[in-house]
Amino acid sequence: MTEGSKGLPPRTAASRPGSAKKTAPKPKKKKKKGSVWIKIMFAVLSVLILIMFYVGYLAYVATNAVDTIGTVNNIVVPEEESVKKKPTGMVLLGIDSRENGGGLNTDVMLVAIFNPNTKSASVVSIPRDSVLQVDGYRERKANANYSTFFNNARTEKKMDKEAAEKEAKKEIRDMLSKYFGVDLKYTGIINFKGFTDVVDALDGVEVNVEMDMRYRDTADGTNINLSKGQQVLDGKNALDYVRYRKSNQGTAESSDFDRNRREMEVIGAIFDKMKSFEGVTKYDKVIGAVGNNLTLDMPPSEIKNMLSTYLGMGSSDIAFQALSGTWKSPYVYVDSTSLEEARAVLQAKMAE
């Protein structure tokens, strides 16, 4: 049967199989460039506002912490002498202030020079058992000097506790200034809890524990139990890692020189963690932890200048050096070459 028979109308092209009329695609609506830029600007502005609020919050936390840390409030430092303008030398002491042990002996002794021109620092670590031979000072273990100065101020000079602490900080600073041949202007003291709190505020630091470490002392509650390997240590274990020396649990023992090396390793890890994005979000906790556990004979205004000048400094910006020597019970006798190298490092940083 042909098309047109029985009165049917002839097929058109549109009615034939496979010849359905294609609908022309609707033109896409062009997005207005203005609306895209508005969204981008809104997002950027939102981020900036959040940053401003966070910075403002940090400033608030820092101000409260600085008021707690700073022990000198009646000194105005001229602009040209400020830590943000001139290299600054300081002594940093770590004291075991646990309830069941410790005292005023300084298990951690650091001398540091900070240079604002290069945003860098040089740090020398002093073994706790080393005998420091300085004209005018009696020879004793290095970690006993601060406590001796403090006790003398209390008993011989009849000073109250606050005045004795101030006197002892000055004495240890003057002594170490002579020993290293650099001008040390401030002394800071942090207790063991401050160290653990800072590490915990950062949710731990990653280190490579070089060997199994086991030591237990029921008298002061020490219980060191670390296994060899790369790992993230919380505050308690980071402190154990730094302090480990003797073993009564079958593991290899360590030395003061090993302690100093591990001490610098963990300090470097703390600085690197703080420099990371994760660490930046925890600045408020870190500042709070420091503020609760550190005293520094520096005006609060200068502490703020230190924070603003050196915030963001990492381990690559810090030159670590440790005094070395020979152990002859009960002292470590510092090697003259090691001492000269340490002096040169500190003096070079001061002169940059």
# chains A, B, ... in the order shown; residues from 1 in each chain; ligands from 1

$ residues_around --residues "A:Lys170" --least-positions-apart "5" --cutoff "12 Å" --atoms "only C-alpha atoms" --output "list in words"
Met90, Val91, Asn145, Tyr146, Phe149, Phe150, Ala153, Ala163, Ala164, Glu165, Met175, Leu176, Ser177, Leu184, Lys185, Tyr186, Thr187, Gly188, Leu296, Asp297 and Met298 of chain A

$ select_by_dssp --residues "stretch 219-295 of chain A" --states "strand (DSSP E)" --output "list in words"
Thr222, Asn223, Ile224, Asn225, Leu226, Gly229, Gln230, Gln231, Val232, Leu233, Leu294 and Thr295 of chain A

$ write_last_selection --atoms "C-alpha atoms" --output "mmCIF file, in the first residue's frame"
data_model
loop_
_atom_site.group_PDB
_atom_site.id
_atom_site.type_symbol
_atom_site.label_atom_id
_atom_site.label_comp_id
_atom_site.auth_asym_id
_atom_site.auth_seq_id
_atom_site.Cartn_x
_atom_site.Cartn_y
_atom_site.Cartn_z
ATOM 1 C CA THR A 222 59.004 8.499 88.422
ATOM 2 C CA ASN A 223 57.890 5.777 86.014
ATOM 3 C CA ILE A 224 59.673 5.980 82.650
ATOM 4 C CA ASN A 225 58.485 3.363 80.187
ATOM 5 C CA LEU A 226 59.331 4.187 76.564
ATOM 6 C CA GLY A 229 60.886 4.033 67.531
ATOM 7 C CA GLN A 230 59.349 7.060 65.848
ATOM 8 C CA GLN A 231 56.301 8.186 67.792
ATOM 9 C CA VAL A 232 54.234 11.079 69.129
ATOM 10 C CA LEU A 233 54.915 11.692 72.804
ATOM 11 C CA LEU A 294 57.018 30.481 83.716
ATOM 12 C CA THR A 295 58.457 33.471 85.531
#

$ residues_around --residues "A:Lys304" --least-positions-apart "3" --cutoff "9 Å" --atoms "only C-alpha atoms" --output "list of chain:residue names"
A:Ala62, A:Thr63, A:Val66, A:Pro299, A:Pro300, A:Ser301, A:Leu307, A:Ser308, A:Thr309

$ closest_atom_pairs --of "stretch 115-225 of chain A" --to "stretch 256-280 of chain A" --cutoff "10 Å" --atoms "only C-alpha atoms" --output "tab-separated table"
residue	atom	partner	partner_atom	distance
A:Val123	CA	A:Met264	CA	8.8
A:Val124	CA	A:Met264	CA	9.3
A:Ser125	CA	A:Asn260	CA	6.3
A:Ile126	CA	A:Asn260	CA	7.5
A:Pro127	CA	A:Asp256	CA	5.7
A:Arg128	CA	A:Asp256	CA	7.0
A:Asp129	CA	A:Asp256	CA	7.5
A:Ser130	CA	A:Asp256	CA	9.1
A:Phe195	CA	A:Ile267	CA	9.6
A:Val198	CA	A:Ile270	CA	8.3
A:Val199	CA	A:Ile270	CA	7.1
A:Ala201	CA	A:Gly279	CA	9.1
A:Leu202	CA	A:Gly279	CA	6.2
A:Asp203	CA	A:Gly279	CA	8.9
A:Gly204	CA	A:Ile270	CA	8.6
A:Val205	CA	A:Ala269	CA	6.1
A:Glu206	CA	A:Ala269	CA	6.8
A:Val207	CA	A:Val266	CA	7.2
A:Asn208	CA	A:Glu265	CA	9.4
A:Val209	CA	A:Arg262	CA	9.1
A:Glu210	CA	A:Arg262	CA	9.8

$ closest_residue --among "A:Phe320, A:Phe192, A:Trp327, A:Tyr179" --to "A:Ile95" --atoms "only C-alpha atoms"
A:Phe192

$ closest_residue --among "A:Ile318, A:Val77, A:Ile287, A:Leu93" --to "A:Leu346" --atoms "only C-alpha atoms"
A:Ile318

$ atom_distance --atom1 "atom CA of A:Met350" --atom2 "atom CA of A:Gln321"
15.1 Å

$ residues_around --residues "A:Gly250" --least-positions-apart "3" --cutoff "9 Å" --atoms "only C-alpha atoms" --output "list in words"
Met213, Arg214, Tyr215, Ser247 and Glu253 of chain A

$ atom_distance --atom1 "atom CA of A:Ala168" --atom2 "atom CA of A:Ala319"
27.4 Å

$ atom_distance --atom1 "atom CA of A:Asp335" --atom2 "atom CA of A:Gln347"
18.4 Å
